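K.L.:
Here it is, the structure in full.
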Amino acid sequence: MIYKFEPIWVPKPWGGEYWLISAVGDRLSVVAEGPEAGLTLPQLIERHGPELLGDRVHAETGGRFPLLLKIIDAREDLSVQVHPNDAAAGRLEGIGSRGKTEMWYAEHADSGASLLSGLRPGVTRQQYLEAEGSDAIMDLLNRYEVHTDDVFFLPAGRIHAIGAGCRMVEIQQSSDITYRIYDYGRNRELHLEKAREAITWPPRGDYRVPMDHSAKRTNLVVCNSFVVDRFILTTPATIQGVNGSFSIITMLSGEAEASGTHLNAGESALIGPGGFSIAPLSPKAIFLLTSA
């Protein structure tokens, strides 16, 4: 059971996002090919249930798709922002609202591109309150130069901002809750009061995820919301997903055939639980594998 979906383009003042797999609001992924082409992701889940999501995920989520997968194309700096965790989302947005823990994989980064992640160690809440809503906040945040294939993990409650020149694969909880703290004078609404309640204290240290770029399989992130591994494939393989969960393949480079479906760089596919076969159609195929 494998599905490719039509990407959803979401324009933004700073560039835009391709939503690759989504069941958020009215931005519902639609099957792109095959006998079930035209069905939305929620319709697929209604039809197949645990056979598609996995027994564990279906039971834990009540049949709701738990993740959102995007490609973020940042032509300008994104706003400085924070996302709530599940508990804060419930308090601030209503019962049943979900928070937003996420990770970024730099599919491409221009020379000199950077991002912001986390308040610097030692920054006090009072310092933050004096800086919120203004460019003074920039002096309180960790800035990282970004290179292609860098990985950053952003648990809910961490202030962050992607900089211009970054093209990121973003894997996150199925939520679109964002509280803007500073927006470079774009005259969009700020959400300072809610952001104060969402930020996690105290600040921590380094946030870049270490990675062996030559390893055939590298575990990048394990958290309560998702598990992400990076594969470098040079020969056919059978891969076992996380027990009780669907898997998502996201091709970073090269071409591959997964369970009979052709995948190019930049494409994703949703695969039902259990193992699947995959073979490179280029000398080397690099992809992310995500499970819940």
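Ligands are numbered from 1 in the order shown, residues from 1 within each chain, and chains are lettered A, B, ... in the order they appear in the structure tokens.
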Can you tell me, as number ranges by chain, what residues are no more than 12 Å from Gln126 (chain A) when counting only C-alpha atoms, ignoring any on the same chain fewer than 3 positions away?
P.N.:
A: 122-123, 129-132, 137, 140, 196, 201
K.L.:
Keeping only C-alpha atoms, write those residues as a short mmCIF file (atom, residue, chain, number, x, y, z; two decimals), in the first residue's frame.
P.N.:
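Heads up, here's the output in out-v5.cif:
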data_model
loop_
_atom_site.label_atom_id
_atom_site.label_comp_id
_atom_site.auth_asym_id
_atom_site.auth_seq_id
_atom_site.Cartn_x
_atom_site.Cartn_y
_atom_site.Cartn_z
CA GLY A 122 21.58 32.59 30.27
CA VAL A 123 18.92 34.79 28.65
CA LEU A 129 10.00 40.51 27.68
CA GLU A 130 11.96 43.70 27.04
CA ALA A 131 12.90 42.53 23.53
CA GLU A 132 9.72 40.81 22.28
CA ILE A 137 15.05 39.88 19.99
CA LEU A 140 19.02 37.01 22.27
CA ARG A 196 4.95 34.02 26.32
CA TRP A 201 12.33 27.89 29.92
#
K.L.:
Taking the backbone alone, and naming residues the way the document does, which bits of region 67-155 of chain A are strand (DSSP E or B) by DSSP, as a VMD selection string?
P.N.:
chain A and resid 67 to 74 80 to 82 102 to 109 114 to 119 141 to 145 151 to 154
K.L.:
Neighbouring residues of Gly244 (chain A) were defined as those with any atom within 12 Å, considering only C-alpha atoms; residues of the same chain fewer than 3 positions away were excluded. Please report them as a list in words.
P.N.:
Pro50, Glu51, Leu52, Leu53, Gly54, Asp55, Arg56, Val57, His58, Ala59, Glu60, Gln240, Gly241, Ser247, Gly272, Pro273, Gly274, Gly275, Ser291 and Ala292 of chain A
K.L.:
In Å, rounded to a single decimal, give me how far CA of Ala198 (chain A) is from CA of Pro121 (chain A).
P.N.:
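CA of Ala198 (chain A) lies 17.9 Å from CA of Pro121 (chain A).
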K.L.:
Could you list, with a cut-off of 12 Å and counting only C-alpha atoms, the residues of region 28-64 of chain A near region 79-103 of chain A, each shown with its nearest atom pair and the distance in Å rounded to one decimal, rows sorted by chain and ascending number, as JSON lines?
P.N.:
{"residue": "A:Thr61", "atom": "CA", "partner": "A:Gly96", "partner_atom": "CA", "distance": 11.0}
{"residue": "A:Gly62", "atom": "CA", "partner": "A:Gly96", "partner_atom": "CA", "distance": 11.7}
{"residue": "A:Arg64", "atom": "CA", "partner": "A:Arg98", "partner_atom": "CA", "distance": 11.5}
K.L.:
Residues at most 10 Å from Phe226 (chain A), counting only C-alpha atoms, excluding those fewer than 2 positions away in the same chain, as a PyMOL selection string?
P.N.:
chain A and resi 66-67+101-103+171-173+221-224+228+242+245+290-292
K.L.:
Considering only C-alpha atoms, state which residue in the set A:Ile177, A:Leu252, A:Met138, A:Ile21 is at the smallest distance from Tyr105 (chain A).
P.N.:
A:Leu252
K.L.:
If DSSP is run on the backbone, what residues of region 80-277 of chain A are helix (DSSP H, G or I)? A reply as a ChimeraX atom specification would be ideal.
P.N.:
/A:86-93,125-131,135-140,192-198
K.L.:
Give me the residues within 9 Å of Glu255 (chain A) as a count of residues only, counting only C-alpha atoms and dropping any in the same chain fewer than 5 places off.
P.N.:
12
K.L.:
What are the nearest atom pairs, with distances in Å to one decimal, for all residues of region 207-287 of chain A that come at most 9 Å from region 12-20 of chain A, using only C-alpha atoms, set out by chain and rising residue number as CSV?
P.N.:
residue,atom,partner,partner_atom,distance
A:Glu267,CA,A:Leu20,CA,7.8
A:Ser268,CA,A:Leu20,CA,6.7
A:Ala269,CA,A:Leu20,CA,8.8
K.L.:
With only C-alpha atoms as the basis for distance, which of A:Ile278, A:Leu115, A:Leu270, A:Ala256 is at the shortest distance from Glu145 (chain A)?
P.N.:
A:Leu115
K.L.:
Please determine, counting only C-alpha atoms, which residue among A:Ala32, A:Val151, A:Val169, A:Ala23 has the shortest atom-to-atom distance to His213 (chain A).
P.N.:
A:Val151
K.L.:
When you look at Gly165 (chain A) with a cut-off of 10 Å (counting only C-alpha atoms), what residues show up, excluding the ones that are within fewer than 4 positions of it in the same chain? I need them as a PDB file with N, CA and C atoms, in the first residue's frame.
P.N.:
ATOM      1  N   ASP A  73      10.445  26.970   1.124  1.00  0.00           N
ATOM      2  CA  ASP A  73      11.326  27.691   0.204  1.00  0.00           C
ATOM      3  C   ASP A  73      11.427  29.136   0.690  1.00  0.00           C
ATOM      4  N   ALA A  74      12.479  29.419   1.451  1.00  0.00           N
ATOM      5  CA  ALA A  74      12.634  30.726   2.103  1.00  0.00           C
ATOM      6  C   ALA A  74      13.450  31.661   1.207  1.00  0.00           C
ATOM      7  N   ARG A  75      12.776  32.543   0.498  1.00  0.00           N
ATOM      8  CA  ARG A  75      13.473  33.529  -0.333  1.00  0.00           C
ATOM      9  C   ARG A  75      13.807  34.780   0.478  1.00  0.00           C
ATOM     10  N   GLU A  76      13.073  34.979   1.568  1.00  0.00           N
ATOM     11  CA  GLU A  76      13.382  36.026   2.545  1.00  0.00           C
ATOM     12  C   GLU A  76      13.340  35.383   3.927  1.00  0.00           C
ATOM     13  N   ASP A  77      13.751  36.129   4.958  1.00  0.00           N
ATOM     14  CA  ASP A  77      13.720  35.601   6.322  1.00  0.00           C
ATOM     15  C   ASP A  77      12.291  35.361   6.780  1.00  0.00           C
ATOM     16  N   HIS A 108      18.687  22.327   0.601  1.00  0.00           N
ATOM     17  CA  HIS A 108      19.636  23.225  -0.055  1.00  0.00           C
ATOM     18  C   HIS A 108      19.809  24.461   0.816  1.00  0.00           C
ATOM     19  N   ALA A 109      21.020  24.981   0.830  1.00  0.00           N
ATOM     20  CA  ALA A 109      21.289  26.244   1.526  1.00  0.00           C
ATOM     21  C   ALA A 109      22.245  27.071   0.679  1.00  0.00           C
ATOM     22  N   ASP A 110      21.865  28.322   0.395  1.00  0.00           N
ATOM     23  CA  ASP A 110      22.756  29.228  -0.321  1.00  0.00           C
ATOM     24  C   ASP A 110      23.990  29.518   0.535  1.00  0.00           C
ATOM     25  N   SER A 111      25.067  29.913  -0.104  1.00  0.00           N
ATOM     26  CA  SER A 111      26.263  30.307   0.631  1.00  0.00           C
ATOM     27  C   SER A 111      25.937  31.447   1.583  1.00  0.00           C
ATOM     28  N   GLY A 112      26.290  31.290   2.849  1.00  0.00           N
ATOM     29  CA  GLY A 112      26.037  32.320   3.852  1.00  0.00           C
ATOM     30  C   GLY A 112      24.659  32.288   4.479  1.00  0.00           C
ATOM     31  N   ALA A 113      23.805  31.343   4.065  1.00  0.00           N
ATOM     32  CA  ALA A 113      22.463  31.254   4.657  1.00  0.00           C
ATOM     33  C   ALA A 113      22.560  30.883   6.134  1.00  0.00           C
ATOM     34  N   SER A 114      21.562  31.313   6.910  1.00  0.00           N
ATOM     35  CA  SER A 114      21.578  31.041   8.346  1.00  0.00           C
ATOM     36  C   SER A 114      20.162  30.888   8.865  1.00  0.00           C
ATOM     37  N   LEU A 115      20.058  30.458  10.112  1.00  0.00           N
ATOM     38  CA  LEU A 115      18.770  30.375  10.787  1.00  0.00           C
ATOM     39  C   LEU A 115      18.960  30.693  12.260  1.00  0.00           C
ATOM     40  N   VAL A 146      23.932  27.726   7.875  1.00  0.00           N
ATOM     41  CA  VAL A 146      23.289  26.501   7.400  1.00  0.00           C
ATOM     42  C   VAL A 146      23.974  26.021   6.123  1.00  0.00           C
TER      43      VAL A 146
END
K.L.:
In Å to one decimal, how far is CA of Ile249 (chain A) from CA of Pro236 (chain A)?
P.N.:
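Spanning CA of Pro236 (chain A) to CA of Ile249 (chain A) is a straight-line distance of 15.0 Å.
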K.L.:
Measure the distance from CA of Leu39 (chain A) to CA of Ile8 (chain A) in Å and round it to one decimal.
P.N.:
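Computing it gives 14.4 Å between the two atoms.
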K.L.:
Show me, as a list in words, the residues that have an atom within 10 Å of Gly34 (chain A) when counting only C-alpha atoms, minus same-chain residues fewer than 3 positions from it.
P.N.:
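Near neighbours after the sequence-gap exclusion: Ile2, Tyr3, Lys4, Val31, Ala37, Gly38 and Thr261 of chain A.
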